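A short worksheet on the structure shown next.
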Amino acid sequence: MVPLSWYLILSAVLFSLGVFGFLLKRNIITIFMSIELMLNAVNLSFVAFANYWNMHPRVLADGQAIVPLSGHVFVFFVMVVAAAEAAVGLAIIISVFRTRETLNVDRVNLLKL
Amino acid sequence: MNPIHTVDYIRILPELVLTAFGIIVMMADPLLKPGASRKGLGLISLVGTVAAIAAVFCQIAWMHRDATFSQPGWFGMVRVDSFAIFFHLLIPAIAGVCILASLEYLDAQNIQSGEYYALILFGTVGMVLMSSAIELVLIFIALEISSISTYILACYRRRTASSTESAIKYFLLGSFATAFFLYGVALMFGATGSTSIPAIKAALTNDHPGLLAVAATALMIVGLGFKVASAPFHIWTPDVYEGAPAPIVALMSTGPKAAAFAVLLRVLFATQPTDWFWLIWVSAALSMTLGNFGALMQNNVKRLLAYSSIAHAGYLLVAFAAANETGLSAAIFYTAAYAAMNVGAFAVVSHVAAGGERYVSIDDYAGMGRRSPLLAFTLTIFMLSLIGIPATVGFLGKFYVFRAALSVSAHPNAMVGLTVIGLVNSAVASYYYLRLIVVMYMREPVSTEPLPPVSGSMRLALVLAAIATIYLGVIPHRVANSSEAGARDLEPIVNSAPTAVTVTIPAPATPAK
Amino acid sequence: MVHQILFIVFGLICVAGAVNLLIQKHPINSALSLVVVMASLALIYLLLGAEFVAAIQIIVYAGAIMVLFVFVIMLLNAGSEEHTTGSRMALMVGVPGIIILGGTVAWMLVRGSAGLGGVTIGATDFGETHQIARLLFKDFLLPFEVTSVLILIAIMGAVVLGKREG
Amino acid sequence: MTKNLNLWVIPLLPLAGAAINGLLGRRFKNSMVSAVALLFTALSFGWAAWAVYSLWPGGPAPYIETLFPWITAGKFSAPFGFYLDQLSMIMVLVVTGVGFLIHIYSVGYMAHEGGYYRFFAYLNLFMFFMLTLVLANNYLLMFVGWEGVGLASYLLIGFFFLKDSAANAGKKAFIVNRIGDFAFLIGMFLIIQHIGTLNFGGETGVFAQISHYSKEAGWGWITITALCLMFGATGKSAQIPLYVWLPDAMEGPTPVSALIHAATMVTAGIYMIARSHAIFNLAPHALEIVAIIGCLTAIFAATMGLTQTDIKRVLAYSTVSQLGYMFLACGAAAYAAGIFHLMTHAFFKALLFLGAGSVIHAVGGEQDMRRMGGLRNKIPVTFWVMTIATIAIAGFPPFAGFFSKDEILGAVFHSPYGGPVIWAVGVITAGLTSFYMFRLWFMTFFGEYKPDAELGDSQAIAPVHAAPVHAADSHGHDDGQVHGGVHESPWIMLAPLVILAALSVVGGWVGIPKFMGGHNEIEHFLAPVMESGTAGASEVAASAEHDRPATYTGESAAENSGEEWLLAGTSVLAAALGLFFAWLLYYKRRELPNRITAKMHGIYTMVLHKYYVDEGYGAIFVKPLLSLSTLVLWKGVDQGVIDGLVNGAGTASSGVGDELRRMQSGNIRSYAAWVAIGGAAVVAYMVWLGVSR
Amino acid sequence: MILTLVTFVPAVGALGLMLMPRNDRALRWAALIISLLTFALSLYLPLHFDHSSAQPFQFEQNVNWIGQTIHYHLGADGISMWLVLLTTLLVPVSVLVSWKSIHDRVKEFFVLLLLLEMAMIGVFLALDMFLFYVFWEATLIPMALLIGMYGHDRRIYAAVKFFLYTMVASVFMLAAIIWLYTHNPAHNFEYLAFRDVIAHGGFSSGALQWLFLGFFIAFAVKVPLFPLHTWLPDAHVEAPTAGSVLLAGVLLKMGTYGLLRFCVGMFPDQSAYNSTWINILAVIGIIYGALVALVQPNLKKLIAYSSVSHLGFVVLGIFSLTTIGTDGAVYQMLNHGISTGTLFMVAGMLYERKHTYDFREYGGLATPMPVYATFFLLAVLSSVGLPLMNGFVGEFLVLSGTFQSTMPHSMLFAILGTSGVIWGACYLLWMYQKVFFGPIHHAENKSLRDIDGRERLSLVPLVVLALVMGVASPYWMRSIEPAVVSTIPHASANARILPVGNDNMQHSAGAQAVVLSNATAENQKAKDSAGGQK
């Protein structure tokens, strides 16, 4: 059995690495990947928390019991969204490539000031 | 047995209507031969928005009929209270005006695709849903719907580099922020074990909120702050607004913003205002200052308006900081106020910009008073309203905001300070808005080429926006009242509202059942 | 015990993959290392007893999304990224930002004052598909339906943006 | 009380004349204009005479008439009210009478000027204001006339406005007067504050109430008030330090100089002091100062008169000096004497000016006496009237000037505020007066006529602003008609001269003092006025160290007539001396003056340049003020500091804006960096907050 | 109701003009007729003003506007009534003045003019602070546009400067107003309610001080009070004639009106507390403005600075906090409106002929244009404050009021202020001489045409009024004084004057009775009490 905080810290680390990726990578696609990485990190904490709440069920003030599984459901929806974003995002990336002939994010800076 | 009742469908009626029309438009598009103008589809989608508004009225009627209507529906997913209703009315209206403004714009840019309108409608669905959703899952999805559709729309002039660039910037940074928001949601789920706002509210108000909750709130503020373009998360705004098609800017600077503010309200007031008071305070001050000063030297009208939208987000946050019922109603009213004037302004911009958005610098507005009195006059109205000259909605909006700010019991000095900052800012801001008026009326035109004639649809859009600006500025009772009602309805969720900023743990939430 | 070893192994693989994603110059390598991350995450999900999530993690993410990425990378045959110094900000401001951010969160979690304590969690019998299905198609019906709009938008968007001029 | 005299008609008639001429005059023929002007002046003279007659004798003077309120605010109220007592009787008769004569004279004199109607409109306007001044029943209304005459003189001095010198002189006159009025206003404020009203007469009037106060030993508010009023008077009556405007005022047409700057307006100050004697009597210090200023001005101006060669300027300085006499009289609390001299002076000085005008007219606009000479048989009438006037002003009995001047000197000698020293100065002045007057007389009428004499130092003579030598240039005579040599003026001009000459002879006889066997009617006539307000004062005075009543009256000196004879004799002697020297230098041995001037060149030039007073004022006040305003205030403070700050703020903020825009590097990664740091800040703050709880 | 009519007839007219075709002649006539109609309507006020009523305000109209809190509340007392009349008089005059001088974008011009009139009238009549602020800000735009669209070379700079100056300042007033509202138990913006709140609200003096300053700064800029005046010369020099006339004639009065009605009226104690430095500023303004005016090479700039000087008198009078001084101040507002308005009009006529304000271009004009010279002279005299002209009454009352005031150093201020009569004479006569006297240097000036019938028509009413107001001030005072007394409750206590019976009381009791409607009563009382002491 593993302490919850391990999972959380792992997710935090992954998240930070994702942010790093966003900041440091030059290739738009890679940047997009690091966003996906961040989402995955989030998913990890969702699942971990879901598991935790499953072990420590509690009742809210208004008498409702909490639903630990909604964490899993959330992950599901995150994946759906991620898929959609991927489709659109890549499409956008393609049209950027068409107009710019480059995928280097540092070269995509017409709009400034 | 069917656990879903009719009333549940009424609760999402506008969304249904919009989706239906969206699908109709989408289906109809291939039937038209390529290269033909899509005005017809535009009109259909316009009808769609009108129908949506009608649906909202039907909801209102229902609400008056039975009190349970404004209880959570769909197993605690949505809550159609007067707060939601307000945005239900506002957002389709915005969409309608934007569509009106787009009709001639698309032809000018010769973009022939019906999906444009479909996307606007679907995006509207997302925004409308955001305002009524009370479950973070649904909020997240609705948010993504509105965001993704706007990403695509921003990219719509995809032959031009600027448009695609703005799209990619918007998309990458948007998803970046979304990730933050999600992380916040995750931590919040960890802290409370639930993703339903009332539940979270209940959990947080009962037992002492732990660190996780606070951190979660922080991260959600980051995500939503990005969506409403409040400092320091505003930085994407000017670039994106500059590149995106003008009518879409009109939409995305008002619609998603309004929706995001709605979410922010719901989320923030699920937590302890004391936690984030100073956060919002600083953010408000920063937004106003950065926005206004950034705009001072702008020569590109779209960028200028972008900065101004940052500043206005700041004014709105002042009302948030007030964090009491007057504050809420002020904020709600301000979203409408800002929408009215800003949509109008961008409508004018999108007409003047003409094919390929060539004319977007201030100098292109020189002598507008002679070249096209109507445009000049309406734009003047919008500018005055943005300055906050009395008898325009802009003034009333600011007035309500600062009234709320000065009426809070706690942090009186901080709020007075914020008010002064805001007022001084609005004085500074008057300079660059005035610049536009000055150029239009006091300079001689540089380009003798006459402006394209203002089409009927554009006229309608302008007149509607102008009328809204003036009407709300002179006789705002109805809107003000409904915004107050909205604030009051938010109260059960925000039960700590009246005694807003007090460190004492407020009374337990009245169960929203 | 086994749990911990497995967690540590897969956790390390995750981190390694993520780091590799950063240090790889060619996007295709980054993509593959991301696949690695996802796969090992799926395994960690299993450790947490979330079979369904683990499954769709493999299917949707590693299967669908990453394929899409790779496909686009091939389509645009993006070469290895050249090193440009476009933004000093990213280093001067961003990196400290990340350190503060990650640091704070991590410190907070370690300090365990999240009200959750150092509880240990692991595989349970919950998170099976039918429970999720009940939840998904009853309580979360509306979001589920709404995602259809989302997908629709995504498809339309891809079509609109992807199709050639004309 | 008695029947209503409708005093308001007296000033209003000239106003009507002014209005008619001013509005319609341009369409009138000159004859019509003069008819209107003369008619209304005559009418007002008639009405005044009737009013005086109907109060005469021993009528219930003072007669008060209140029309309607003019200014009312809070507890203060000032009505349009008129006041007729013996004092104002004299004044009103002098003003209307002399004024009428001068109107007649002007008809001839101005006949060929442009703006004929304008001239008469202004002249009537002046009459209106002057009459308001003398008839007013409160200081405020008096101030109306006071400022009004200033305006009229401004307009009339600047009548030939195409000349810069004329315009400047007019402006100078008005502004200098304003400086006096400034003090006058302060005085009024003081009166309002302490007494609450500005009305003269009536049981609640100033004089009635002031009589409740007792004489001030020190520098109380009454003294201050008196000094303020006095300073106002120095402006109007051209006393030190504000006399500078009067000589320049000679830029105006000669009749104007006669009417305004000799006979009437300039005496307003004297009138005002006499009118306020109740206040002055309570302020010994003020009286002393008045006396000192008076005698200083008298001698000072007289010396300046010695060297002037412009005929009108000589008269101007003599006017200043004579006004000094009147001031002196007031200072000696011998108001009656002052008024007496005022009257006689009005006669002979008006005569002198008109005569000078006639001379100038005769020699075709020339004003420099060195270009005249030998005119006595060319223009005999003018010569004779001038002679009479000269004798009168020089103060030879039995001409008018003698009696009034003698009255003053006697009073000064006895007065606690005068004394032998000041008396002596007065006598010397008398000598000087007679000298420079006869100098004028000789230079003008004797010797041979030399119309184009070489004026060596005309430049040097030329005063700062107005250049009298060029004064004639645009003076309409030359343009008007071609002069066939020197010629006597038409009778319409001579008639007034003759009348005034007669008055200058007999005018003094109303004031023959006791010791000469007369009984000083004028003093008796004015006694009720002068005694009126001073009841309290005199008894205090009686109890004070000296037993003389505050107000000097001939009676007090009646007993020791020997002393009186002595005093009178001395002044006559002084006059005689003056005559002798004038005869010596300007008739007998004409080369002497140049030698003398060569000898004492320094003093001469200084006197010639009027002690450089104008230059001094210019250097001390005017220039520094202008440069201060331009450089420091306008360019410095206004444009430099204030606008600098304002615009600076503008540029600064726009600079800030520019810097802020640098954040928009346009690079996605740096944007993300901003978001990250912002997020980090937010999270850190919140966690810190959570921990600190 | 009548007030609403007076206020909004111009606005309706403006709408009408907007819809009219671009026929300049018709537009001019329409504007003239509308403004005259407004004037006729406004004449109703003095004719039906009830001098005996104890009500502070008359012709009131008070209805809810926005909810219960914000009312549409109009009302007139002696002060605002006359200021409104001044406005309604000056507008038709300025329409006449711009008859020929405006030939481009005529429609916009007159629309703006009428809108401006609406706003100005509203400012004087509003009794609800919110409404007041609305009108207050509403004056900005038309004026700025008038300057910027129809002005001269540096018009844009001037317009923007004018706008920003006022905008920045009035923002503080808004803050103060809102703050007061939030602390007003009645939860409305009623002026009188605010007065009560401040009187009995038990606010800390610190808070009151800030509020006072908030209002003060807004009004001080508008007045303009030294050192906030630098927008004025620019605005005046660049503005078209009509603009200058209204700017000097009415807009500046909005500032002094605000000082009187709101600063002094609502914060009596703070006003007394701050009177010293405010009076110092006022005196500086008087002298400074005059001195700077003295050296201006530009006709309009000179007049502009003279306004600074004249308005200094008004402020001095108001902050003497005495009845007399404030009466004088109010009267001086009207005077300045008329005399300076006239000056700007004549200046504009000159500009129409020669298109410059530079003195060097003029001189000796009295010969070619005598009638014009006469009008100009009258305007100058009325602004010099020559007795029997309106200017004198105002200045005299202001100064004597200040002289008697119990405010610290007031006597000194009065004396310094009185020196203004000298300066006034200096720069105005200097100006007159520069334009009209001396030889004609420029040949073309010989043939300048004298003013025509229209121009005379526009000048005559003002000049006549200047004379009448100089002679018959009580007619105005009888309605002004009660208003002043009710605005400054303990004004009479601030005066150091010894009360005595003026003998004209006995002589023309009839006239007096009419004159002092309710002031007489208190005078009488004061007198009796004083008599008792004697």
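How things are named: the first chain in the structure tokens is A, the next is B, and so on; residues count from 1 in each chain; ligands count from 1 in the order shown.
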
Within 7 Å of Ala42 in chain C, counting only C-alpha atoms, which residues show up once you throw out same-chain ones fewer than 4 positions away? Write them as a count of residues only, please.
-> 5

Find the residues near Leu24 in chain A: any atom within 10 Å, counting only C-alpha atoms, skip ones fewer than 5 places away on the same chain, and give them as a PyMOL selection string.
-> (chain A and resi 18-19+30-31) or (chain C and resi 22-23+85+87+90-91+94-95) or (chain D and resi 669-670+673)

For N, CA, C and O atoms, I'd like the residues from the last selection saved as a PDB file, in the first residue's frame.
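Written file, part-v1.pdb:
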```
ATOM      1  N   GLY A  18       5.183  19.161 -17.220  1.00  0.00           N
ATOM      2  CA  GLY A  18       4.384  19.632 -18.352  1.00  0.00           C
ATOM      3  C   GLY A  18       4.565  21.131 -18.563  1.00  0.00           C
ATOM      4  O   GLY A  18       4.832  21.611 -19.673  1.00  0.00           O
ATOM      5  N   VAL A  19       4.471  21.871 -17.455  1.00  0.00           N
ATOM      6  CA  VAL A  19       4.646  23.327 -17.576  1.00  0.00           C
ATOM      7  C   VAL A  19       6.029  23.620 -18.132  1.00  0.00           C
ATOM      8  O   VAL A  19       6.187  24.433 -19.044  1.00  0.00           O
ATOM      9  N   THR A  30       5.177  19.720 -29.789  1.00  0.00           N
ATOM     10  CA  THR A  30       5.719  19.234 -28.514  1.00  0.00           C
ATOM     11  C   THR A  30       5.072  19.990 -27.361  1.00  0.00           C
ATOM     12  O   THR A  30       4.718  19.422 -26.329  1.00  0.00           O
ATOM     13  N   ILE A  31       4.896  21.308 -27.575  1.00  0.00           N
ATOM     14  CA  ILE A  31       4.261  22.103 -26.522  1.00  0.00           C
ATOM     15  C   ILE A  31       2.875  21.535 -26.236  1.00  0.00           C
ATOM     16  O   ILE A  31       2.478  21.311 -25.096  1.00  0.00           O
TER      17      ILE A  31
ATOM     18  N   LEU C  22      10.951  16.165 -22.569  1.00  0.00           N
ATOM     19  CA  LEU C  22      11.523  17.507 -22.591  1.00  0.00           C
ATOM     20  C   LEU C  22      12.841  17.533 -23.341  1.00  0.00           C
ATOM     21  O   LEU C  22      13.076  18.415 -24.154  1.00  0.00           O
ATOM     22  N   ILE C  23      13.677  16.525 -23.087  1.00  0.00           N
ATOM     23  CA  ILE C  23      15.033  16.666 -23.615  1.00  0.00           C
ATOM     24  C   ILE C  23      15.142  16.209 -25.059  1.00  0.00           C
ATOM     25  O   ILE C  23      16.049  16.599 -25.782  1.00  0.00           O
ATOM     26  N   THR C  85      16.261  31.403 -29.377  1.00  0.00           N
ATOM     27  CA  THR C  85      16.059  32.075 -28.085  1.00  0.00           C
ATOM     28  C   THR C  85      15.025  33.166 -28.293  1.00  0.00           C
ATOM     29  O   THR C  85      15.349  34.340 -28.421  1.00  0.00           O
ATOM     30  N   SER C  87      12.448  33.845 -26.302  1.00  0.00           N
ATOM     31  CA  SER C  87      11.870  34.501 -25.134  1.00  0.00           C
ATOM     32  C   SER C  87      12.759  34.310 -23.921  1.00  0.00           C
ATOM     33  O   SER C  87      12.943  33.191 -23.435  1.00  0.00           O
ATOM     34  N   ALA C  90      10.639  33.354 -20.662  1.00  0.00           N
ATOM     35  CA  ALA C  90      10.327  31.976 -20.300  1.00  0.00           C
ATOM     36  C   ALA C  90      11.316  31.473 -19.265  1.00  0.00           C
ATOM     37  O   ALA C  90      10.947  30.799 -18.313  1.00  0.00           O
ATOM     38  N   LEU C  91      12.564  31.888 -19.442  1.00  0.00           N
ATOM     39  CA  LEU C  91      13.565  31.427 -18.473  1.00  0.00           C
ATOM     40  C   LEU C  91      13.574  32.300 -17.227  1.00  0.00           C
ATOM     41  O   LEU C  91      13.523  31.831 -16.100  1.00  0.00           O
ATOM     42  N   GLY C  94       9.448  32.415 -16.094  1.00  0.00           N
ATOM     43  CA  GLY C  94       8.674  31.180 -16.044  1.00  0.00           C
ATOM     44  C   GLY C  94       9.281  30.135 -15.135  1.00  0.00           C
ATOM     45  O   GLY C  94       8.622  29.622 -14.232  1.00  0.00           O
ATOM     46  N   VAL C  95      10.575  29.873 -15.305  1.00  0.00           N
ATOM     47  CA  VAL C  95      11.198  28.775 -14.545  1.00  0.00           C
ATOM     48  C   VAL C  95      11.056  29.000 -13.045  1.00  0.00           C
ATOM     49  O   VAL C  95      10.572  28.127 -12.319  1.00  0.00           O
TER      50      VAL C  95
ATOM     51  N   ARG D 669       5.595  31.582 -25.435  1.00  0.00           N
ATOM     52  CA  ARG D 669       6.247  30.974 -24.265  1.00  0.00           C
ATOM     53  C   ARG D 669       6.401  31.997 -23.163  1.00  0.00           C
ATOM     54  O   ARG D 669       6.169  31.710 -21.983  1.00  0.00           O
ATOM     55  N   SER D 670       6.706  33.225 -23.543  1.00  0.00           N
ATOM     56  CA  SER D 670       6.825  34.203 -22.455  1.00  0.00           C
ATOM     57  C   SER D 670       5.445  34.509 -21.866  1.00  0.00           C
ATOM     58  O   SER D 670       5.310  34.719 -20.666  1.00  0.00           O
ATOM     59  N   ALA D 673       4.916  32.068 -19.539  1.00  0.00           N
ATOM     60  CA  ALA D 673       5.721  32.339 -18.353  1.00  0.00           C
ATOM     61  C   ALA D 673       4.973  33.274 -17.420  1.00  0.00           C
ATOM     62  O   ALA D 673       4.900  33.049 -16.214  1.00  0.00           O
TER      63      ALA D 673
END
```

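Neighbours of Leu131 in chain E closer than or equal to 9 Å, with only C-alpha atoms counted and sequence neighbours fewer than 2 positions away skipped, come out as Ile70, His71, Tyr72, His73, Leu74, Gly122, Val123, Ala126, Leu127, Asp128, Met129, Tyr133, Val134, Phe135, Trp136 and Phe189 of chain E.
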
Dump of C-alpha atoms for the selected residues, as a compact mmCIF listing (two decimals), in the first residue's frame:
```txt
# COMPACT_ATOMS: atom_id res chain seq x y z
CA ILE E 70 -32.17 57.81 -7.62
CA HIS E 71 -34.69 60.56 -8.15
CA TYR E 72 -35.32 62.92 -10.98
CA HIS E 73 -35.49 65.95 -8.74
CA LEU E 74 -35.41 69.46 -10.12
CA GLY E 122 -29.78 70.66 -15.74
CA VAL E 123 -26.67 71.27 -13.68
CA ALA E 126 -30.68 69.25 -10.30
CA LEU E 127 -31.35 68.62 -6.63
CA ASP E 128 -30.48 64.94 -6.75
CA MET E 129 -26.76 64.49 -6.57
CA TYR E 133 -23.47 64.50 -11.70
CA VAL E 134 -25.14 63.21 -14.83
CA PHE E 135 -25.71 66.72 -16.12
CA TRP E 136 -22.33 67.83 -14.90
CA PHE E 189 -29.09 61.01 -3.47
```

Non-local contacts of Trp62 in chain B (12 Å; only C-alpha atoms; under 2 positions in same chain excluded) as a ChimeraX atom specification = /B:6-11,13,55-60,64-70,80-82,85

Could you give me, as a tab-separated table, a per-residue list for chain C showing, wherever an atom lies at most 7 Å from an atom of chain D, the closest pair of atoms and their distance in Å to one decimal, using only C-alpha atoms and sorting by chain then residue number from low to high?
```
residue	atom	partner	partner_atom	distance
C:Gly86	CA	D:Asn667	CA	6.9
C:Ser87	CA	D:Ser670	CA	5.7
C:Met89	CA	D:Ser670	CA	5.0
C:Ala90	CA	D:Ser670	CA	4.7
C:Val93	CA	D:Ala673	CA	5.9
C:Gly94	CA	D:Ala673	CA	3.9
C:Gly97	CA	D:Ile677	CA	4.2
C:Ile98	CA	D:Ala676	CA	6.4
C:Ile100	CA	D:Ala680	CA	5.8
C:Leu101	CA	D:Ala680	CA	4.5
C:Thr104	CA	D:Ala684	CA	6.2
```

Would you put the residues from that selection into a file with C-alpha atoms, as a PDB file, in the first residue's frame?
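The file below, selection.pdb, is the result:
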```pdb
ATOM      1  CA  GLY C  86      12.735  33.742 -28.695  1.00  0.00           C
ATOM      2  CA  SER C  87      11.870  34.501 -25.134  1.00  0.00           C
ATOM      3  CA  MET C  89      10.939  35.706 -20.143  1.00  0.00           C
ATOM      4  CA  ALA C  90      10.327  31.976 -20.300  1.00  0.00           C
ATOM      5  CA  VAL C  93      10.173  34.519 -15.166  1.00  0.00           C
ATOM      6  CA  GLY C  94       8.674  31.180 -16.044  1.00  0.00           C
ATOM      7  CA  GLY C  97       7.438  30.432 -11.448  1.00  0.00           C
ATOM      8  CA  ILE C  98       7.296  26.701 -12.005  1.00  0.00           C
ATOM      9  CA  ILE C 100       7.617  28.147  -6.795  1.00  0.00           C
ATOM     10  CA  LEU C 101       4.435  26.520  -8.040  1.00  0.00           C
ATOM     11  CA  THR C 104       4.496  25.045  -2.930  1.00  0.00           C
TER      12      THR C 104
END
```
